[in-house]
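To start, the structure itself, in structure tokens.
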Protein chains: 2
Amino acid sequence: MDFSHLLSARTGKMGASAIREILKVVGQPGMVSLAGGIPSPDSFPMERIKELTNKVFTKYGSAAFQYDLTEGFTPLREVMAAYLGEREIHVSPEEVLIQSGSQGVLDSICKVLISAGDKIAVEAPTYLGAIQAFKPYEPEFVRMEMDENGLIPESLEEVLKSHDIKFIYTVPTFQNPTGRSISLERRRRIAEIIIKYGALLVEDDPYSNLRYTGTALPAIKTMAPDNVIYITTLSKVLAPGLRIGICVAPEIISRWMVITKQGVDLHTSTFSQAIAAEYIAGGYLEQQLPKIIELYRPKHSAMLSALERFFPDGFSFSRPEGGMFIWVEGPAELDMEKIYWKAIERKVAFVPGKYFFTEDGEGLSTMRLNFTMSEVPVIESAIEVLGNVLKTES
Amino acid sequence: MDFSHLLSARTGKMGASAIREILKVVGQPGMVSLAGGIPSPDSFPMERIKELTNKVFTKYGSAAFQYDLTEGFTPLREVMAAYLGEREIHVSPEEVLIQSGSQGVLDSICKVLISAGDKIAVEAPTYLGAIQAFKPYEPEFVRMEMDENGLIPESLEEVLKSHDIKFIYTVPTFQNPTGRSISLERRRRIAEIIIKYGALLVEDDPYSNLRYTGTALPAIKTMAPDNVIYITTLSKVLAPGLRIGICVAPEIISRWMVITKQGVDLHTSTFSQAIAAEYIAGGYLEQQLPKIIELYRPKHSAMLSALERFFPDGFSFSRPEGGMFIWVEGPAELDMEKIYWKAIERKVAFVPGKYFFTEDGEGLSTMRLNFTMSEVPVIESAIEVLGNVLKTES
């Protein structure tokens, strides 16, 4: 049977296939991948997780394996409220929603808010997973400009003036894919603007704990609490396979997100949530975080200094103070996807930057590099290989 | 800020609120609930899960906590292919998708297939969770008639003749809410009809393992393999809190379900999937299933015989051979929601049957009773209370 005539109108618009296709070769034997967006397994507190798993059996028994509230496992919502409070996001446990990863939060925000044709303002470039969450809901994307200091407030204001925007989406700290952070001054200005325009901003904050240098920046949520949906995750500071995303949203949106989630997956894995609750409650995140930072810091500086040494003139790159990614911009005429295939021949993979833009023809000469998954000497030699490919091919 | 003007067109159509509102009182102290749709925690193999959890740490290590394939954890797909093969559903591991509960499967089917206004054929009554998964995609529901032997094939054929149906949704075995099963003869006839019309049928099969009497029935999938999306779950035979749903769909639909799921939650909890894989691979489901059946069988027969004894004339009820539910139909003029509130005063809860219908005004005199969550004496006294309320109020 060919059922392709049954596919919905939205299905054709998803189009996550292109990047999946090109990244298929990344799994080839001997490939060094700077393409991933995933934490090092060395960052997972395996012994602690095992200990806490056993504790969950004793403490919660069968309740950790039963159907549970769509809103989230109560002990996890309680400790997350305290955790967010330490970051100046003051909420009650009832205001905290647990979802299936940040991805789950993004999907439910879209389902509650986006009608086909609605406009969403996104950074150019922006997080690929967000584009994948948004696209099935058939929005129009309106681009906002960025520079080294992140989203440019004037661009945001211009967009809000000239368009009817459903929400603004931003990753303000160590953005995926650029690694850039919005400066403190700009955060304040952005908060003023969204308050002035009565706008809703979705602040996606998976990386701010992964800071290797510099000073912590407050979330935009702390500056405009009523106008911001704040999202964070335990995927980078505990383990992504547990699929724990956390969200704080205005009440009307939050209430519909719960009803939506009932239809999507009823609730997030109770067992995963119980382990996460014990991890936060026991203060183990605070113990593990310095270890994760010490694991990534040398990788981060090794990649930055290898880029200095091996990349040819005409290429600029971001110098993030944390996170998992560095962003490279080449000469305007460069076709980075061509470079990708040449690099694959030399057994080094990265992600061509164009996939992080919502419009075709943008970011053709850019690339995203990940530094969390490889060891320092591997990073150095991979950047040297890439530098040589760029010198030869560009 | 009031952001209610930002809600999407679909949001207003979800309307899962009414049943949530009336069921809020079920948690009151001293309430006996026959309203739930959940397995008894006594059915969870807790010691086995603990043992397998520790095995997962040894066998898979950090891989059980890392990001994983959207399609599902490979070892689980492998054992599920074998499991389905024993049930005459012959598939390769690559054809098996793991999703976040059956609910996750239903959501992704809808996302891939339903455009607003598309028609879905559903049994009247049908599973509430399916209605909740479908509604946000704004389909039209076309009702199919049932009787004691389940979905009536002639009604299905009539519907396919007179409507352009995207897919048919059925729970053929021990249906939620009625407990009814489609007879073998009717399954054969339904398979013929969907093949004849080139129709797509979604077969939701969470309960068929829970058989207390009678003979096993083959899945419709075994009779019309190309025309059926088959869904099952480990929620009733392992633990619902792990959120493991399993799906086999035609290739074009399956491929898009994976792309869809990438945007929805990336993948289902790896840790949950690894535990499930070990449970199936070790043959522990076969060991546990007889224990679960022995746990539920006395509850099932206690409820049936209490209904015989305590319910007044004019009430009929289903006599399922398995599952978790019994369906009661009262005299046409009865308002079962009024009875609900009277029963709540007497500290017994159930679900008024009207919530399982897609059209207002249907099923007003019906109720769904669950027998898995209460002990035998509690079931007997609760049915006696309900019988007395019905005698007084109807």
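Following the order of the structure tokens, first chain is A, next is B, and so on, with residues numbered from 1 inside each chain and ligands from 1 in the order they appear.
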
Practice task
Using only C-alpha atoms, select each residue of chain B with any atom at most 6 Å away from an atom of chain A, and give the selection as a count of residues only.
Solution key: 30

Handout entry: All alpha helix (DSSP H) residues (DSSP, backbone) inside segment 103-312 of chain A, as an NGL selection string
Key = :A and (103-113 or 128-134 or 153-162 or 184-197 or 251-264 or 270-281 or 284-310)

Practice task
Quick one: everything within 12 Å of Met80 of chain B, counting only C-alpha atoms, minus sequence neighbours fewer than 5 positions away in the same chain. Send it as a PyMOL selection string.
Solution key: chain B and resi 72-75+85-87+89-98+231-234+244-248+273+276-281+283+285

Can those selected residues be exported to a file as a compact mmCIF listing (two decimals), in the first residue's frame so that it contains C-alpha atoms?
# COMPACT_ATOMS: atom_id res chain seq x y z
CA GLY B 72 14.19 3.81 19.68
CA PHE B 73 16.94 2.03 21.64
CA THR B 74 18.27 -0.69 19.32
CA PRO B 75 18.24 -3.60 21.83
CA GLY B 85 6.68 -12.19 15.88
CA GLU B 86 5.38 -14.56 18.56
CA ARG B 87 2.04 -12.79 18.13
CA ILE B 89 3.14 -9.77 13.61
CA HIS B 90 6.26 -10.39 11.56
CA VAL B 91 8.52 -7.35 11.42
CA SER B 92 12.20 -6.52 11.40
CA PRO B 93 13.69 -4.48 14.28
CA GLU B 94 13.99 -1.52 11.87
CA GLU B 95 10.19 -1.52 11.49
CA VAL B 96 9.60 -1.19 15.24
CA LEU B 97 9.33 2.35 16.61
CA ILE B 98 9.54 3.13 20.31
CA ILE B 231 0.26 0.04 18.72
CA THR B 232 1.03 -1.66 21.98
CA THR B 233 2.58 -0.65 25.30
CA LEU B 234 4.45 -1.98 28.30
CA ILE B 244 7.15 2.88 26.67
CA GLY B 245 4.88 2.67 23.63
CA ILE B 246 5.56 0.47 20.62
CA CYS B 247 4.41 0.98 17.06
CA VAL B 248 4.60 -0.74 13.68
CA GLN B 273 14.03 1.67 27.17
CA ALA B 276 12.35 -2.60 29.13
CA ALA B 277 14.76 -4.31 26.72
CA GLU B 278 16.23 -6.42 29.53
CA TYR B 279 12.75 -7.26 30.82
CA ILE B 280 11.62 -8.65 27.48
CA ALA B 281 14.98 -10.22 26.57
CA GLY B 283 11.75 -13.68 29.42
CA LEU B 285 7.33 -10.66 30.91

Practice task
Quick one: everything within 10 Å of segment 209-215 of chain B, counting only C-alpha atoms, minus sequence neighbours fewer than 4 positions away in the same chain. Send it as a list in words.
Solution key: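 Listing them by chain and then by number gives Thr173, Phe174, Asp205, Lys236, Val237, Leu289, Pro290, Ile292, Ile293, Glu294, Tyr296, Arg297, Pro298, His300, Ser301, Pro320, Glu321, Gly322, Gly323 and Met324 of chain B.
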
Handout entry: 9 Å contact set for Met336 of chain A, only C-alpha atoms, chain neighbours under 6 positions out, as a list in words
Key = Gly330, Pro352, Gly353, Lys354, Gly363, Leu364, Ser365, Thr366 and Met367 of chain A

Kindly export the residues of the current selection with C-alpha atoms, as a short mmCIF file (atom, residue, chain, number, x, y, z; two decimals), in the first residue's frame.
data_model
loop_
_atom_site.label_atom_id
_atom_site.label_comp_id
_atom_site.auth_asym_id
_atom_site.auth_seq_id
_atom_site.Cartn_x
_atom_site.Cartn_y
_atom_site.Cartn_z
CA GLY A 330 34.30 32.09 6.25
CA PRO A 352 27.52 23.31 7.88
CA GLY A 353 25.98 26.43 9.40
CA LYS A 354 23.22 26.93 6.86
CA GLY A 363 24.90 31.08 6.35
CA LEU A 364 26.38 29.22 3.38
CA SER A 365 29.93 30.02 4.46
CA THR A 366 29.52 29.14 8.16
CA MET A 367 30.14 26.07 10.33
#

Exercise for the section: Extract the full set of strand (DSSP E or B) residues from segment 82-161 of chain B according to DSSP on the backbone, and format it as a ChimeraX atom specification. Expected result: /B:96-100,119-123,140-144,146-147,150-151

Problem - Interatomic distance, atom CA of Tyr197 of chain B to atom CA of Arg143 of chain B (Å, one decimal) - result: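 Taking atom CA of Tyr197 of chain B and atom CA of Arg143 of chain B, their separation equals 17.6 Å.
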
Exercise for the section: Using only C-alpha atoms, pick whichever of B:Glu88, B:Val389, B:Ser316, B:Ala302 has the shortest atom-to-atom distance to Thr222 of chain B. Expected result: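 Ranked by minimum distance to Thr222 of chain B, first place goes to B:Glu88.
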
Problem - Shell around Asp147 of chain A at 12 Å using only C-alpha atoms, local window under 5 positions removed, as a list in words - result: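 Listing them by chain and then by number gives Glu123, Ala124, Pro125, Ile152, Pro153, Glu154, Ser155, Gln175, Thr178, Gly179, Arg180, Ser181, Ile182, Ser183, Arg186, Phe317, Ser318, Trp327 and Glu329 of chain A.
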
Handout entry: Polymer residues at most 6 Å from segment 26-33 of chain B, only C-alpha atoms, same-chain spacing of 2 or more positions, as a ChimeraX atom specification
Key = /B:23-24,35,347-349

Using the selection just defined, write its residues with N, CA and C atoms as an mmCIF file, in the first residue's frame.
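The resulting file, selection.cif, is shown below:
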data_model
loop_
_atom_site.group_PDB
_atom_site.id
_atom_site.type_symbol
_atom_site.label_atom_id
_atom_site.label_comp_id
_atom_site.auth_asym_id
_atom_site.auth_seq_id
_atom_site.Cartn_x
_atom_site.Cartn_y
_atom_site.Cartn_z
ATOM 1 N N LEU B 23 -13.283 15.014 37.930
ATOM 2 C CA LEU B 23 -12.506 13.965 38.605
ATOM 3 C C LEU B 23 -11.610 14.508 39.723
ATOM 4 N N LYS B 24 -11.580 15.826 39.899
ATOM 5 C CA LYS B 24 -10.734 16.394 40.960
ATOM 6 C C LYS B 24 -11.103 15.866 42.347
ATOM 7 N N ALA B 35 -12.821 4.934 39.174
ATOM 8 C CA ALA B 35 -12.726 5.870 38.051
ATOM 9 C C ALA B 35 -11.416 5.730 37.287
ATOM 10 N N LYS B 347 -18.888 8.460 48.717
ATOM 11 C CA LYS B 347 -17.455 8.128 48.667
ATOM 12 C C LYS B 347 -17.105 7.007 47.677
ATOM 13 N N VAL B 348 -17.847 6.970 46.582
ATOM 14 C CA VAL B 348 -17.487 6.052 45.495
ATOM 15 C C VAL B 348 -17.440 6.858 44.186
ATOM 16 N N ALA B 349 -16.335 6.690 43.434
ATOM 17 C CA ALA B 349 -16.178 7.424 42.172
ATOM 18 C C ALA B 349 -16.116 6.472 40.984
#

Exercise for the section: For atom CA of Leu34 of chain A and atom CA of Asn370 of chain A, determine how far apart the two atoms are, in Å to one decimal place. Expected result: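 According to the coordinates, atom CA of Leu34 of chain A and atom CA of Asn370 of chain A are separated by 4.8 Å.
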
Practice task
Report the distance between atom CA of Pro177 of chain A and atom CA of Ile326 of chain A in Å, rounded to one decimal place.
Solution key: 7.3 Å

Handout entry: Selected residue of minimal separation from Ser381 of chain B among B:Val351, B:Arg346, B:Ala216, B:Arg368, counting only C-alpha atoms
Key =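 For Ser381 of chain B, the nearest of the candidates is B:Arg346.
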